[in-house]
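One file, query_21.pdb, is given below (PDB, C-alpha atoms, pLDDT in the B column).
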ATOM      1  CA  MET A  31     -21.920   7.863  59.746  1.00 39.00           C
ATOM      2  CA  SER A  32     -20.295   6.036  56.904  1.00 40.00           C
ATOM      3  CA  ASN A  33     -23.225   3.628  56.653  1.00 42.00           C
ATOM      4  CA  MET A  34     -25.622   6.488  56.198  1.00 40.00           C
ATOM      5  CA  THR A  35     -23.594   7.814  53.309  1.00 41.00           C
ATOM      6  CA  THR A  36     -23.569   4.437  51.588  1.00 41.00           C
ATOM      7  CA  ASN A  37     -27.310   4.070  51.864  1.00 43.00           C
ATOM      8  CA  SER A  38     -27.926   7.433  50.347  1.00 41.00           C
ATOM      9  CA  GLN A  39     -25.727   6.481  47.348  1.00 43.00           C
ATOM     10  CA  ASP A  40     -27.721   3.311  46.808  1.00 44.00           C
ATOM     11  CA  GLY A  41     -30.589   5.417  45.628  1.00 43.00           C
ATOM     12  CA  GLY A  42     -32.696   5.235  48.719  1.00 43.00           C
ATOM     13  CA  MET A  43     -33.237   1.521  48.750  1.00 46.00           C
ATOM     14  CA  GLY A  44     -34.250   1.748  52.327  1.00 46.00           C
ATOM     15  CA  GLY A  45     -33.061   0.153  55.486  1.00 50.00           C
ATOM     16  CA  GLY A  46     -29.763  -1.126  54.166  1.00 54.00           C
ATOM     17  CA  GLY A  47     -30.688  -4.724  53.358  1.00 63.00           C
ATOM     18  CA  GLN A  48     -30.272  -4.793  49.567  1.00 69.00           C
ATOM     19  CA  ARG A  49     -27.559  -2.991  47.679  1.00 68.00           C
ATOM     20  CA  ARG A  50     -28.109  -2.060  44.084  1.00 64.00           C
ATOM     21  CA  SER A  51     -25.443  -3.130  41.637  1.00 63.00           C
ATOM     22  CA  LYS A  52     -23.223  -0.464  40.169  1.00 62.00           C
ATOM     23  CA  PHE A  53     -24.256  -1.479  36.654  1.00 60.00           C
ATOM     24  CA  GLY A  54     -27.956  -1.603  37.280  1.00 61.00           C
ATOM     25  CA  ARG A  55     -30.258  -4.551  37.544  1.00 59.00           C
ATOM     26  CA  PHE A  56     -30.375  -5.097  33.788  1.00 56.00           C
ATOM     27  CA  GLY A  57     -26.739  -6.146  33.696  1.00 55.00           C
ATOM     28  CA  ALA A  58     -27.365  -9.475  35.287  1.00 59.00           C
ATOM     29  CA  ARG A  59     -29.846 -10.512  32.615  1.00 62.00           C
ATOM     30  CA  ARG A  60     -27.684  -9.586  29.665  1.00 68.00           C
ATOM     31  CA  ARG A  61     -27.248 -12.444  27.238  1.00 78.00           C
ATOM     32  CA  GLU A  62     -24.668 -12.437  24.528  1.00 85.00           C
ATOM     33  CA  VAL A  63     -26.180 -12.109  21.090  1.00 90.00           C
ATOM     34  CA  LEU A  64     -24.417 -13.815  18.214  1.00 93.00           C
ATOM     35  CA  PRO A  65     -24.431 -12.227  14.769  1.00 93.00           C
ATOM     36  CA  GLU A  66     -26.810 -13.930  12.370  1.00 93.00           C
ATOM     37  CA  GLU A  67     -24.693 -13.132   9.342  1.00 93.00           C
ATOM     38  CA  PRO A  68     -20.976 -12.531   8.859  1.00 93.00           C
ATOM     39  CA  LEU A  69     -19.868  -9.092   9.956  1.00 95.00           C
ATOM     40  CA  GLU A  70     -18.178  -8.087   6.716  1.00 95.00           C
ATOM     41  CA  TYR A  71     -18.041  -4.694   5.087  1.00 96.00           C
ATOM     42  CA  LYS A  72     -19.707  -6.167   1.976  1.00 94.00           C
ATOM     43  CA  ASN A  73     -22.776  -7.297   3.888  1.00 95.00           C
ATOM     44  CA  ILE A  74     -24.475  -3.910   3.768  1.00 95.00           C
ATOM     45  CA  ALA A  75     -28.017  -5.084   4.359  1.00 95.00           C
ATOM     46  CA  TYR A  76     -27.095  -6.662   7.678  1.00 96.00           C
ATOM     47  CA  LEU A  77     -24.783  -3.875   8.812  1.00 96.00           C
ATOM     48  CA  SER A  78     -27.481  -1.284   8.171  1.00 95.00           C
ATOM     49  CA  LYS A  79     -29.538  -2.799  10.973  1.00 95.00           C
ATOM     50  CA  PHE A  80     -26.973  -1.601  13.486  1.00 95.00           C
ATOM     51  CA  VAL A  81     -26.871   1.992  12.336  1.00 95.00           C
ATOM     52  CA  SER A  82     -29.172   4.688  13.647  1.00 94.00           C
ATOM     53  CA  ALA A  83     -31.147   7.076  11.469  1.00 93.00           C
ATOM     54  CA  ASN A  84     -28.322   9.574  11.809  1.00 93.00           C
ATOM     55  CA  GLY A  85     -25.710   7.020  10.750  1.00 93.00           C
ATOM     56  CA  ARG A  86     -24.298   6.316  14.178  1.00 95.00           C
ATOM     57  CA  ILE A  87     -23.174   2.840  15.172  1.00 96.00           C
ATOM     58  CA  GLN A  88     -25.310   1.315  17.885  1.00 95.00           C
ATOM     59  CA  SER A  89     -23.762   0.592  21.230  1.00 94.00           C
ATOM     60  CA  ARG A  90     -23.075  -2.819  22.709  1.00 92.00           C
ATOM     61  CA  LYS A  91     -26.001  -2.327  25.015  1.00 89.00           C
ATOM     62  CA  ARG A  92     -28.307  -2.217  22.006  1.00 91.00           C
ATOM     63  CA  THR A  93     -26.657  -4.802  19.771  1.00 93.00           C
ATOM     64  CA  GLY A  94     -25.967  -7.257  22.597  1.00 92.00           C
ATOM     65  CA  PHE A  95     -22.775  -8.400  20.882  1.00 93.00           C
ATOM     66  CA  SER A  96     -19.659  -9.505  22.683  1.00 93.00           C
ATOM     67  CA  GLY A  97     -16.718  -7.156  22.713  1.00 93.00           C
ATOM     68  CA  GLN A  98     -15.045  -9.038  19.886  1.00 95.00           C
ATOM     69  CA  ASN A  99     -18.108  -9.011  17.646  1.00 95.00           C
ATOM     70  CA  GLN A 100     -18.835  -5.383  18.437  1.00 96.00           C
ATOM     71  CA  ARG A 101     -15.325  -4.488  17.285  1.00 96.00           C
ATOM     72  CA  LYS A 102     -15.880  -6.488  14.097  1.00 96.00           C
ATOM     73  CA  LEU A 103     -19.160  -4.672  13.556  1.00 97.00           C
ATOM     74  CA  SER A 104     -17.764  -1.192  14.004  1.00 97.00           C
ATOM     75  CA  GLU A 105     -14.746  -2.003  11.851  1.00 97.00           C
ATOM     76  CA  ALA A 106     -16.951  -3.385   9.075  1.00 97.00           C
ATOM     77  CA  ILE A 107     -19.209  -0.321   9.133  1.00 97.00           C
ATOM     78  CA  LYS A 108     -16.209   2.003   8.998  1.00 97.00           C
ATOM     79  CA  TYR A 109     -14.743   0.088   6.050  1.00 97.00           C
ATOM     80  CA  ALA A 110     -18.089   0.240   4.270  1.00 97.00           C
ATOM     81  CA  ARG A 111     -18.208   3.992   4.800  1.00 97.00           C
ATOM     82  CA  LEU A 112     -14.762   4.420   3.283  1.00 96.00           C
ATOM     83  CA  ILE A 113     -15.701   2.827  -0.020  1.00 95.00           C
ATOM     84  CA  CYS A 114     -19.070   4.555  -0.377  1.00 95.00           C
ATOM     85  CA  LEU A 115     -21.155   1.521   0.512  1.00 96.00           C
ATOM     86  CA  MET A 116     -22.618   3.221   3.563  1.00 96.00           C
ATOM     87  CA  PRO A 117     -23.054   6.898   4.332  1.00 96.00           C
ATOM     88  CA  PHE A 118     -21.147   8.630   7.098  1.00 96.00           C
ATOM     89  CA  VAL A 119     -24.260  10.558   8.082  1.00 94.00           C
ATOM     90  CA  GLY A 120     -27.841   9.428   7.668  1.00 86.00           C
ATOM     91  CA  ARG A 121     -29.270   6.282   6.238  1.00 78.00           C
ATOM     92  CA  MET A 122     -29.352   5.079   2.630  1.00 75.00           C
TER      93      MET A 122
ATOM     94  CA  MET B 159      17.721  -7.538   6.867  1.00 64.00           C
ATOM     95  CA  THR B 160      14.118  -7.445   5.714  1.00 69.00           C
ATOM     96  CA  LEU B 161      11.715 -10.210   6.535  1.00 75.00           C
ATOM     97  CA  GLN B 162      10.127 -11.704   3.431  1.00 80.00           C
ATOM     98  CA  ARG B 163       6.619 -12.913   4.153  1.00 91.00           C
ATOM     99  CA  THR B 164       3.800 -13.505   1.708  1.00 94.00           C
ATOM    100  CA  ARG B 165       0.213 -12.951   2.697  1.00 95.00           C
ATOM    101  CA  THR B 166      -3.165 -13.013   1.048  1.00 96.00           C
ATOM    102  CA  TYR B 167      -5.017  -9.730   0.689  1.00 97.00           C
ATOM    103  CA  GLU B 168      -8.398  -8.591  -0.482  1.00 96.00           C
ATOM    104  CA  CYS B 169      -8.784  -5.325  -2.338  1.00 97.00           C
ATOM    105  CA  MET B 170     -12.077  -3.683  -3.188  1.00 97.00           C
ATOM    106  CA  CYS B 171     -11.707  -0.989  -5.816  1.00 97.00           C
ATOM    107  CA  LEU B 172     -14.398   1.504  -6.676  1.00 97.00           C
ATOM    108  CA  LEU B 173     -14.033   2.265 -10.358  1.00 96.00           C
ATOM    109  CA  ASP B 174     -15.252   5.275 -12.251  1.00 94.00           C
ATOM    110  CA  ASN B 175     -18.169   4.332 -14.514  1.00 93.00           C
ATOM    111  CA  ARG B 176     -16.900   6.728 -17.193  1.00 92.00           C
ATOM    112  CA  GLU B 177     -13.767   4.571 -17.453  1.00 93.00           C
ATOM    113  CA  VAL B 178     -15.752   1.338 -17.265  1.00 93.00           C
ATOM    114  CA  ARG B 179     -17.830   2.356 -20.266  1.00 92.00           C
ATOM    115  CA  LYS B 180     -14.655   2.611 -22.348  1.00 92.00           C
ATOM    116  CA  GLY B 181     -14.043  -1.098 -21.842  1.00 92.00           C
ATOM    117  CA  TRP B 182     -14.177  -3.482 -18.932  1.00 92.00           C
ATOM    118  CA  GLN B 183     -11.356  -5.871 -19.762  1.00 93.00           C
ATOM    119  CA  PRO B 184      -8.750  -3.167 -20.509  1.00 94.00           C
ATOM    120  CA  LEU B 185      -9.611  -1.449 -17.254  1.00 95.00           C
ATOM    121  CA  LYS B 186      -9.311  -4.709 -15.364  1.00 94.00           C
ATOM    122  CA  ASP B 187      -5.892  -5.231 -16.895  1.00 94.00           C
ATOM    123  CA  VAL B 188      -4.805  -1.753 -15.851  1.00 95.00           C
ATOM    124  CA  VAL B 189      -5.833  -2.388 -12.260  1.00 95.00           C
ATOM    125  CA  ALA B 190      -4.274  -5.852 -12.303  1.00 95.00           C
ATOM    126  CA  GLY B 191      -1.079  -4.282 -13.590  1.00 95.00           C
ATOM    127  CA  ILE B 192      -0.829  -2.198 -10.433  1.00 96.00           C
ATOM    128  CA  PHE B 193      -0.689  -5.370  -8.370  1.00 96.00           C
ATOM    129  CA  THR B 194       1.591  -7.397 -10.621  1.00 96.00           C
ATOM    130  CA  LYS B 195       3.990  -4.482 -10.962  1.00 95.00           C
ATOM    131  CA  HIS B 196       4.933  -4.973  -7.331  1.00 94.00           C
ATOM    132  CA  GLY B 197       5.301  -8.725  -7.591  1.00 93.00           C
ATOM    133  CA  ALA B 198       1.813  -9.691  -6.450  1.00 95.00           C
ATOM    134  CA  LYS B 199       0.153 -12.848  -7.680  1.00 95.00           C
ATOM    135  CA  ILE B 200      -3.494 -12.286  -8.521  1.00 95.00           C
ATOM    136  CA  LEU B 201      -5.672 -15.127  -7.284  1.00 95.00           C
ATOM    137  CA  SER B 202      -9.016 -13.737  -8.363  1.00 94.00           C
ATOM    138  CA  SER B 203     -10.282 -10.559  -9.955  1.00 94.00           C
ATOM    139  CA  ARG B 204     -13.957 -10.112 -10.662  1.00 93.00           C
ATOM    140  CA  ARG B 205     -16.658  -7.501 -10.776  1.00 94.00           C
ATOM    141  CA  TRP B 206     -18.501  -7.365  -7.481  1.00 94.00           C
ATOM    142  CA  ASP B 207     -21.319  -4.974  -8.234  1.00 91.00           C
ATOM    143  CA  GLU B 208     -22.432  -1.838  -9.966  1.00 93.00           C
ATOM    144  CA  ARG B 209     -24.471   0.331  -7.669  1.00 93.00           C
ATOM    145  CA  ARG B 210     -25.468   3.738  -6.495  1.00 94.00           C
ATOM    146  CA  LEU B 211     -22.948   5.236  -4.097  1.00 95.00           C
ATOM    147  CA  ALA B 212     -23.787   6.300  -0.588  1.00 95.00           C
ATOM    148  CA  TYR B 213     -22.284   9.709  -1.294  1.00 95.00           C
ATOM    149  CA  THR B 214     -20.944  11.545  -4.303  1.00 94.00           C
ATOM    150  CA  VAL B 215     -17.336  10.952  -5.343  1.00 94.00           C
ATOM    151  CA  LYS B 216     -15.759  13.031  -8.112  1.00 93.00           C
ATOM    152  CA  GLY B 217     -19.242  14.139  -9.122  1.00 92.00           C
ATOM    153  CA  GLN B 218     -20.339  10.537  -9.657  1.00 92.00           C
ATOM    154  CA  HIS B 219     -23.403   9.011  -8.049  1.00 94.00           C
ATOM    155  CA  ARG B 220     -22.791   5.478  -9.328  1.00 94.00           C
ATOM    156  CA  GLY B 221     -19.751   3.260  -9.511  1.00 95.00           C
ATOM    157  CA  THR B 222     -18.517  -0.237 -10.296  1.00 95.00           C
ATOM    158  CA  TYR B 223     -16.781  -2.334  -7.664  1.00 96.00           C
ATOM    159  CA  LEU B 224     -13.913  -4.660  -8.538  1.00 96.00           C
ATOM    160  CA  LEU B 225     -12.925  -7.259  -5.972  1.00 96.00           C
ATOM    161  CA  VAL B 226      -9.365  -8.563  -6.213  1.00 96.00           C
ATOM    162  CA  TYR B 227      -7.735 -11.292  -4.154  1.00 96.00           C
ATOM    163  CA  PHE B 228      -3.993 -11.444  -4.392  1.00 96.00           C
ATOM    164  CA  ALA B 229      -0.931 -12.760  -2.614  1.00 96.00           C
ATOM    165  CA  CYS B 230       2.094 -10.600  -2.194  1.00 95.00           C
ATOM    166  CA  ASP B 231       4.976  -9.725   0.013  1.00 94.00           C
ATOM    167  CA  THR B 232       3.971  -7.718   3.051  1.00 94.00           C
ATOM    168  CA  GLN B 233       6.573  -5.084   2.185  1.00 94.00           C
ATOM    169  CA  ALA B 234       4.849  -4.349  -1.147  1.00 95.00           C
ATOM    170  CA  VAL B 235       1.452  -3.448   0.275  1.00 95.00           C
ATOM    171  CA  ALA B 236       2.259   0.193   0.924  1.00 95.00           C
ATOM    172  CA  ALA B 237       3.461   0.673  -2.645  1.00 96.00           C
ATOM    173  CA  ILE B 238       0.350  -0.999  -4.073  1.00 96.00           C
ATOM    174  CA  ARG B 239      -1.883   1.182  -1.927  1.00 96.00           C
ATOM    175  CA  ARG B 240      -0.065   4.301  -3.095  1.00 96.00           C
ATOM    176  CA  ASP B 241      -0.334   3.349  -6.765  1.00 96.00           C
ATOM    177  CA  LEU B 242      -4.046   2.681  -6.399  1.00 95.00           C
ATOM    178  CA  GLN B 243      -4.515   6.156  -5.004  1.00 95.00           C
ATOM    179  CA  PHE B 244      -2.643   7.681  -7.923  1.00 95.00           C
ATOM    180  CA  ASN B 245      -4.785   5.923 -10.528  1.00 94.00           C
ATOM    181  CA  GLU B 246      -7.537   8.120 -11.951  1.00 94.00           C
ATOM    182  CA  ALA B 247      -9.924   5.254 -12.664  1.00 94.00           C
ATOM    183  CA  VAL B 248      -9.858   4.020  -9.069  1.00 96.00           C
ATOM    184  CA  MET B 249     -11.985   6.411  -7.065  1.00 96.00           C
ATOM    185  CA  ARG B 250     -11.694   4.537  -3.764  1.00 96.00           C
ATOM    186  CA  ASN B 251      -9.814   1.458  -2.652  1.00 96.00           C
ATOM    187  CA  LEU B 252      -9.882  -0.714   0.421  1.00 97.00           C
ATOM    188  CA  LEU B 253      -7.035  -3.146   0.951  1.00 96.00           C
ATOM    189  CA  VAL B 254      -7.430  -5.520   3.869  1.00 96.00           C
ATOM    190  CA  ASP B 255      -5.840  -8.697   5.061  1.00 94.00           C
ATOM    191  CA  CYS B 256      -7.680 -11.866   4.092  1.00 92.00           C
ATOM    192  CA  ALA B 257      -7.261 -15.171   5.882  1.00 87.00           C
ATOM    193  CA  GLU B 258      -8.464 -17.275   2.973  1.00 87.00           C
ATOM    194  CA  VAL B 259     -10.022 -16.688  -0.398  1.00 89.00           C
ATOM    195  CA  PRO B 260     -13.727 -17.634  -0.485  1.00 88.00           C
ATOM    196  CA  GLN B 261     -14.695 -20.354  -2.929  1.00 87.00           C
ATOM    197  CA  GLY B 262     -17.036 -18.077  -4.842  1.00 85.00           C
ATOM    198  CA  ALA B 263     -14.125 -15.889  -5.858  1.00 86.00           C
ATOM    199  CA  TYR B 264     -12.771 -18.546  -8.215  1.00 87.00           C
ATOM    200  CA  GLU B 265     -15.970 -18.814 -10.198  1.00 84.00           C
ATOM    201  CA  PRO B 266     -15.857 -17.207 -13.631  1.00 81.00           C
ATOM    202  CA  GLU B 267     -17.072 -13.675 -13.789  1.00 82.00           C
ATOM    203  CA  ALA B 268     -20.613 -13.216 -15.062  1.00 81.00           C
ATOM    204  CA  ALA B 269     -20.709 -11.401 -18.360  1.00 81.00           C
ATOM    205  CA  PHE B 270     -22.251  -7.996 -18.333  1.00 79.00           C
ATOM    206  CA  ASP B 271     -22.974  -5.307 -20.851  1.00 81.00           C
ATOM    207  CA  ILE B 272     -21.158  -2.059 -20.220  1.00 81.00           C
ATOM    208  CA  ASN B 273     -23.817  -0.265 -22.246  1.00 81.00           C
ATOM    209  CA  ALA B 274     -26.427  -1.429 -19.756  1.00 81.00           C
ATOM    210  CA  ILE B 275     -24.846   0.625 -16.976  1.00 84.00           C
ATOM    211  CA  PRO B 276     -27.432   3.230 -16.035  1.00 84.00           C
ATOM    212  CA  ALA B 277     -26.549   6.806 -16.675  1.00 84.00           C
ATOM    213  CA  ASP B 278     -25.306   8.701 -13.707  1.00 77.00           C
ATOM    214  CA  ASP B 279     -28.068  10.768 -12.236  1.00 70.00           C
ATOM    215  CA  ALA B 280     -25.735  13.326 -10.799  1.00 65.00           C
ATOM    216  CA  PRO B 281     -27.202  16.792 -10.945  1.00 64.00           C
ATOM    217  CA  PRO B 282     -25.719  19.047 -13.603  1.00 60.00           C
ATOM    218  CA  ALA B 283     -23.015  21.438 -12.636  1.00 59.00           C
ATOM    219  CA  PRO B 284     -24.425  24.648 -11.253  1.00 64.00           C
ATOM    220  CA  VAL B 285     -24.750  27.227 -13.972  1.00 63.00           C
ATOM    221  CA  ALA B 286     -23.334  30.591 -13.194  1.00 59.00           C
ATOM    222  CA  ALA B 287     -26.460  32.569 -12.600  1.00 51.00           C
ATOM    223  CA  ALA B 288     -26.670  35.445 -14.996  1.00 46.00           C
ATOM    224  CA  SER B 289     -29.101  37.087 -12.707  1.00 47.00           C
ATOM    225  CA  ALA B 290     -26.592  37.107  -9.948  1.00 48.00           C
ATOM    226  CA  GLU B 291     -25.294  40.452 -10.997  1.00 48.00           C
ATOM    227  CA  ALA B 292     -24.804  42.477  -7.962  1.00 46.00           C
ATOM    228  CA  GLU B 293     -27.419  45.120  -7.762  1.00 48.00           C
ATOM    229  CA  PRO B 294     -26.090  48.541  -6.998  1.00 49.00           C
ATOM    230  CA  VAL B 295     -26.451  49.134  -3.353  1.00 47.00           C
ATOM    231  CA  ALA B 296     -28.222  52.345  -2.599  1.00 49.00           C
ATOM    232  CA  GLU B 297     -25.958  54.558  -0.700  1.00 51.00           C
ATOM    233  CA  THR B 298     -27.318  55.679   2.571  1.00 50.00           C
ATOM    234  CA  PRO B 299     -27.516  59.402   2.793  1.00 53.00           C
ATOM    235  CA  THR B 300     -25.098  60.708   5.250  1.00 49.00           C
ATOM    236  CA  GLU B 301     -26.596  63.021   7.692  1.00 50.00           C
ATOM    237  CA  ALA B 302     -24.742  66.170   8.269  1.00 39.00           C
TER     238      ALA B 302
END

Rendering of file as structure tokens:
Amino acid sequence: MSNMTTNSQDGGMGGGGQRRSKFGRFGARRREVLPEEPLEYKNIAYLSKFVSANGRIQSRKRTGFSGQNQRKLSEAIKYARLICLMPFVGRM
Amino acid sequence: MTLQRTRTYECMCLLDNREVRKGWQPLKDVVAGIFTKHGAKILSSRRWDERRLAYTVKGQHRGTYLLVYFACDTQAVAAIRRDLQFNEAVMRNLLVDCAEVPQGAYEPEAAFDINAIPADDAPPAPVAAASAEAEPVAETPTEA
């Protein structure tokens, strides 16, 4: 009975041979992306690439950065917003 | 017992262009005085840029950025930050820790003409509309 429940949670993969990963099949292929330029609040042109049209910071899934670089990115964007270099909402 | 420790900091100040037009060097001295007043040693102070702001501050659409590197006691940072906020010429400030001063910061500041600063293109203050007089509202007849 418990096996039947597990199979149904796997998304109907069928006879129980393969189990889908919790994080999806794209997780295994993720490669860490390194920033091409320094992630500083003064580097507006580069930071703007990681901001959506509404002014939101892109997620790690989109940027491909490591946790450390993603924190640097979000911190730099927030600093830039504070001193009027980048808008809080929208794009320049 | 307070722990005395000196660190290097980087401060980006957004200056009001109306104050910059009155004179660049006097304004720089005023801002530098805020740091030195609290025992900081200024390592570099130079104009970073003059640009259009991402959003309006104090009715201004443009501003001049001053980038200052200084070394001071960690206990003095809060007082410096507070004084920067009190200064009228400094519209925004960002004071962050800096591991080392970049080499470009020691180069002499490029001369610039304060008269060449473009005029602020902020829209004029909204004029009180004379036509905004409230029209008398017709009273609805009350039905008996």

**OP:** Choose the residue, out of B:Ala268, B:Ala247, B:Leu211, B:Ala257, that has the smallest atom-to-atom separation from Glu177 of chain B; count only C-alpha atoms.
**Re:**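 When distances to Glu177 of chain B are compared using only C-alpha atoms, the smallest one comes from B:Ala247.
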
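You can rank A:Ala106, A:Thr93, A:Gln98, A:Leu115 by their closest distance to Glu66 of chain A using all atoms listed in the file, and at the top of that list sits A:Thr93.
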
**OP:** Provide the atom CA of Lys102 of chain A to atom CA of Ala229 of chain B distance in Å, to one decimal place.
**Re:**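 These atoms are spaced 23.3 Å apart.
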
Original post:
atom CA of Asp231 of chain B and atom CA of Arg163 of chain B are how many Å apart?
Top reply: 5.5 Å

Find the residues of chain B that sit at most 12 Å from chain A; for each, write down the nearest two atoms and how far apart they are in Å, to one decimal. Count all atoms listed in the file. Sort by chain, then by number going up, and give it as CSV.
residue,atom,partner,partner_atom,distance
B:Glu168,CA,A:Tyr71,CA,11.8
B:Cys169,CA,A:Ile113,CA,10.9
B:Met170,CA,A:Ile113,CA,8.1
B:Cys171,CA,A:Ile113,CA,8.0
B:Leu172,CA,A:Ile113,CA,6.9
B:Leu173,CA,A:Ile113,CA,10.5
B:Trp206,CA,A:Lys72,CA,9.6
B:Asp207,CA,A:Lys72,CA,10.4
B:Glu208,CA,A:Leu115,CA,11.1
B:Arg209,CA,A:Leu115,CA,8.9
B:Arg210,CA,A:Leu115,CA,8.5
B:Leu211,CA,A:Cys114,CA,5.4
B:Ala212,CA,A:Pro117,CA,5.0
B:Tyr213,CA,A:Cys114,CA,6.1
B:Thr214,CA,A:Cys114,CA,8.2
B:Val215,CA,A:Cys114,CA,8.3
B:Lys216,CA,A:Cys114,CA,11.9
B:Gln218,CA,A:Cys114,CA,11.1
B:His219,CA,A:Cys114,CA,9.9
B:Arg220,CA,A:Cys114,CA,9.7
B:Gly221,CA,A:Cys114,CA,9.3
B:Thr222,CA,A:Cys114,CA,11.0
B:Tyr223,CA,A:Ile113,CA,9.3
B:Leu224,CA,A:Ile113,CA,11.5
B:Leu225,CA,A:Lys72,CA,10.5
B:Val248,CA,A:Ile113,CA,10.8
B:Met249,CA,A:Ile113,CA,8.7
B:Arg250,CA,A:Ile113,CA,5.7
B:Asn251,CA,A:Ile113,CA,6.6
B:Leu252,CA,A:Ile113,CA,6.8
B:Leu253,CA,A:Tyr109,CA,9.8
B:Val254,CA,A:Tyr109,CA,9.5
B:Cys256,CA,A:Glu70,CA,11.5

Subject >> Coordinates-based distance that separates atom CA of Ser96 of chain A from atom CA of Ser78 of chain A (Å, one decimal) >> reply: 18.4 Å

**OP:** Name the residues that the PyMOL selection byres ((chain A and resi 69) around 8) pulls out of this structure, and write them as a PyMOL selection string.
**Re:** chain A and resi 65+67-68+70-71+73+76-77+99+102-103+106

**OP:** Can you give me, as a PyMOL selection string, the residues this file yields under the PyMOL selection byres ((chain B and resi 264) around 9)?
**Re:** chain B and resi 201-204+259-263+265-267

Centre and size of axis-aligned box enclosing segment 64-67 of chain A plus 5 Å each side, as JSON:
{"center_x": -25.6, "center_y": -13.1, "center_z": 13.8, "size_x": 12.4, "size_y": 11.7, "size_z": 18.9}

Original post:
Using all atoms listed in the file, which of B:Arg240, B:Asp279, B:Arg165, B:Asp271 sits nearest Ile192 of chain B?
Top reply: B:Arg240

Original post:
Hey, what's within 8 Å of segment 194-200 of chain B if we count all atoms listed in the file and toss same-chain stuff fewer than 4 positions away? As a ChimeraX atom specification, please?
Top reply: /B:190,226-231,234,237-238

**OP:** List, as an NGL selection string, every residue that the PyMOL selection byres ((chain A and resi 88) around 12) selects in the file provided.
**Re:** :A and (77-87 or 89-95 or 100-101 or 103-104 or 107)

For the selection just defined, write its residues with C-alpha atoms to a file, as a JSON list (two decimals), in the frame of the given file.
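And here's part15.json as it stands now:
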[["chain", "number", "residue", "atom", "x", "y", "z"],
["A", 77, "LEU", "CA", -24.78, -3.88, 8.81],
["A", 78, "SER", "CA", -27.48, -1.28, 8.17],
["A", 79, "LYS", "CA", -29.54, -2.80, 10.97],
["A", 80, "PHE", "CA", -26.97, -1.60, 13.49],
["A", 81, "VAL", "CA", -26.87, 1.99, 12.34],
["A", 82, "SER", "CA", -29.17, 4.69, 13.65],
["A", 83, "ALA", "CA", -31.15, 7.08, 11.47],
["A", 84, "ASN", "CA", -28.32, 9.57, 11.81],
["A", 85, "GLY", "CA", -25.71, 7.02, 10.75],
["A", 86, "ARG", "CA", -24.30, 6.32, 14.18],
["A", 87, "ILE", "CA", -23.17, 2.84, 15.17],
["A", 89, "SER", "CA", -23.76, 0.59, 21.23],
["A", 90, "ARG", "CA", -23.08, -2.82, 22.71],
["A", 91, "LYS", "CA", -26.00, -2.33, 25.02],
["A", 92, "ARG", "CA", -28.31, -2.22, 22.01],
["A", 93, "THR", "CA", -26.66, -4.80, 19.77],
["A", 94, "GLY", "CA", -25.97, -7.26, 22.60],
["A", 95, "PHE", "CA", -22.78, -8.40, 20.88],
["A", 100, "GLN", "CA", -18.84, -5.38, 18.44],
["A", 101, "ARG", "CA", -15.32, -4.49, 17.28],
["A", 103, "LEU", "CA", -19.16, -4.67, 13.56],
["A", 104, "SER", "CA", -17.76, -1.19, 14.00],
["A", 107, "ILE", "CA", -19.21, -0.32, 9.13]]
